[in-house]
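Worksheet: one structure, shown below.
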Amino acid sequence: MSPINLEKVTATAPDLVDLYKSAGVSLGKRRLLGVRAAVYLVLDRSGSMKSFYQDGTVQHLAEQVLSLAAHFDDDGVVPTVFFSTDVHTRADLVLGAHRGRVAEIHEGLGHMGRTFYAKAMRAVLDHYQASGTKDPAFVVFQTDGAPKDKGATAALLAEVSTLPLFWQFVGFGDDPFTFLRRLDELSGRAVDNAGFFAAGADPRAVPAEELYDALMNEFPQWLASARAAGVLPA
């Protein structure tokens, strides 16, 4: 089936039309229009993320990802994992029913813990494998700091490098993100299956075009490498 077109976005989510158009421009520059992918969103709910939830920054990212996903998939749904020390929940963000949805979920989850990546990554992997899709996965993984489980995270990233999942990490705040920046050098992987973008202390101030260009920076290279390595069909 075809991805969601502008007419449907206009009818179901008129507030996302501009984001949808910006995403399309970025995809067009990289010849990615028409590429199919299952889009996931992973959201950090560690205690230091509190202000980003309160001021709508996390909701804004969710809307940006939904608008991107409309180009890659046809169902208008982005499976979303909320995590801190453990996985809090997995919920669907749905085009047209997205307004205020992040705050609604967040406020029902209680205590905000520490930052552990691996369980959240495993939750995405489990959902992806259970879905039965033939499309690759594009995972937007948002965080505001390095994980406490660096070893487990690196091991899992290497383990899943033979599977068709690309992990695009997005950093909020002023952390140096040394661990995430070093993932490009991680050995033991079939292909380089991760990218990183630092959105800064005010991610909402990043222009949409710049955000989408950053999200798509390494994805095309991964698609080519994954095909060459047999991770994706040639």
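To be explicit about the labels: the chains of the structure tokens are called A, B, and onward in the order shown, and within each one the residues are counted from 1, while ligands get numbers from 1 in the order they are shown.
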
Query raised in the report: Hey, what's within 8 Å of His71 in chain A if we count only C-alpha atoms and toss same-chain stuff fewer than 6 positions away? As a PyMOL selection string, please?
Result: chain A and resi 3-5+20+23-24+33-34

Excluding Leu186 in chain A and any residue of its chain fewer than 5 positions from it, enumerate the residues within 12 Å of it, using only C-alpha atoms, and give them as an mmCIF file with N, CA and C atoms, in the first residue's frame.
```cif
data_model
loop_
_atom_site.group_PDB
_atom_site.id
_atom_site.type_symbol
_atom_site.label_atom_id
_atom_site.label_comp_id
_atom_site.auth_asym_id
_atom_site.auth_seq_id
_atom_site.Cartn_x
_atom_site.Cartn_y
_atom_site.Cartn_z
ATOM 1 N N LYS A 150 25.973 0.812 29.549
ATOM 2 C CA LYS A 150 26.721 0.985 28.296
ATOM 3 C C LYS A 150 27.114 -0.351 27.678
ATOM 4 N N GLY A 151 27.600 -1.282 28.491
ATOM 5 C CA GLY A 151 28.035 -2.568 27.956
ATOM 6 C C GLY A 151 26.896 -3.347 27.331
ATOM 7 N N THR A 153 24.092 -2.137 26.208
ATOM 8 C CA THR A 153 23.622 -1.410 25.029
ATOM 9 C C THR A 153 24.504 -1.698 23.826
ATOM 10 N N ALA A 154 25.818 -1.612 24.010
ATOM 11 C CA ALA A 154 26.738 -1.871 22.903
ATOM 12 C C ALA A 154 26.617 -3.309 22.416
ATOM 13 N N ALA A 155 26.482 -4.250 23.338
ATOM 14 C CA ALA A 155 26.353 -5.657 22.962
ATOM 15 C C ALA A 155 25.074 -5.896 22.167
ATOM 16 N N LEU A 156 23.990 -5.264 22.593
ATOM 17 C CA LEU A 156 22.724 -5.444 21.889
ATOM 18 C C LEU A 156 22.766 -4.794 20.512
ATOM 19 N N LEU A 157 23.385 -3.624 20.413
ATOM 20 C CA LEU A 157 23.490 -2.962 19.113
ATOM 21 C C LEU A 157 24.268 -3.830 18.134
ATOM 22 N N ALA A 158 25.334 -4.470 18.614
ATOM 23 C CA ALA A 158 26.093 -5.384 17.753
ATOM 24 C C ALA A 158 25.260 -6.610 17.392
ATOM 25 N N GLU A 159 24.540 -7.139 18.367
ATOM 26 C CA GLU A 159 23.723 -8.332 18.142
ATOM 27 C C GLU A 159 22.686 -8.109 17.048
ATOM 28 N N SER A 161 22.719 -5.977 14.621
ATOM 29 C CA SER A 161 23.213 -5.384 13.371
ATOM 30 C C SER A 161 22.974 -6.277 12.169
ATOM 31 N N PHE A 179 29.284 8.643 24.627
ATOM 32 C CA PHE A 179 28.988 7.244 24.310
ATOM 33 C C PHE A 179 28.290 7.115 22.958
ATOM 34 N N LEU A 180 27.267 7.939 22.731
ATOM 35 C CA LEU A 180 26.521 7.842 21.481
ATOM 36 C C LEU A 180 27.363 8.271 20.287
ATOM 37 N N ARG A 181 28.234 9.248 20.483
ATOM 38 C CA ARG A 181 29.088 9.704 19.382
ATOM 39 C C ARG A 181 30.116 8.636 18.998
ATOM 40 N N VAL A 191 26.934 -4.222 10.007
ATOM 41 C CA VAL A 191 26.908 -2.903 9.373
ATOM 42 C C VAL A 191 26.803 -1.856 10.478
ATOM 43 N N ASP A 192 27.124 -0.614 10.140
ATOM 44 C CA ASP A 192 26.929 0.502 11.064
ATOM 45 C C ASP A 192 25.431 0.798 11.098
ATOM 46 N N ASN A 193 24.791 0.461 12.210
ATOM 47 C CA ASN A 193 23.331 0.506 12.292
ATOM 48 C C ASN A 193 22.814 1.600 13.216
ATOM 49 N N ALA A 194 23.603 2.659 13.434
ATOM 50 C CA ALA A 194 23.174 3.721 14.337
ATOM 51 C C ALA A 194 23.719 5.070 13.890
ATOM 52 N N GLY A 195 22.915 6.101 14.137
ATOM 53 C CA GLY A 195 23.331 7.477 13.925
ATOM 54 C C GLY A 195 23.024 8.295 15.168
#
```

Restrict the calculation to only C-alpha atoms, then for each residue of range 158-187 of chain A with any atom at most 10 Å from an atom of range 221-224 of chain A give the closest atom pair and their distance in Å to one decimal, rows by chain and rising residue number, as JSON lines.
```
{"residue": "A:Pro164", "atom": "CA", "partner": "A:Leu223", "partner_atom": "CA", "distance": 8.9}
{"residue": "A:Leu165", "atom": "CA", "partner": "A:Trp222", "partner_atom": "CA", "distance": 9.5}
{"residue": "A:Phe166", "atom": "CA", "partner": "A:Trp222", "partner_atom": "CA", "distance": 7.4}
```

Report task. Going by DSSP on the backbone, which bits of range 37-225 of chain A are helix (DSSP H, G or I)? Write them as a ChimeraX atom specification, please. Result -> /A:47-54,57-72,101-107,118-131,150-162,178-185,203-205,208-215,219-225

**Report entry** Counting only C-alpha atoms, the option among A:Pro79, A:Pro14, A:Gly110, A:Pro233 closest to Arg45 in chain A
**Finding:**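 For Arg45 in chain A, the nearest of the candidates is A:Gly110.
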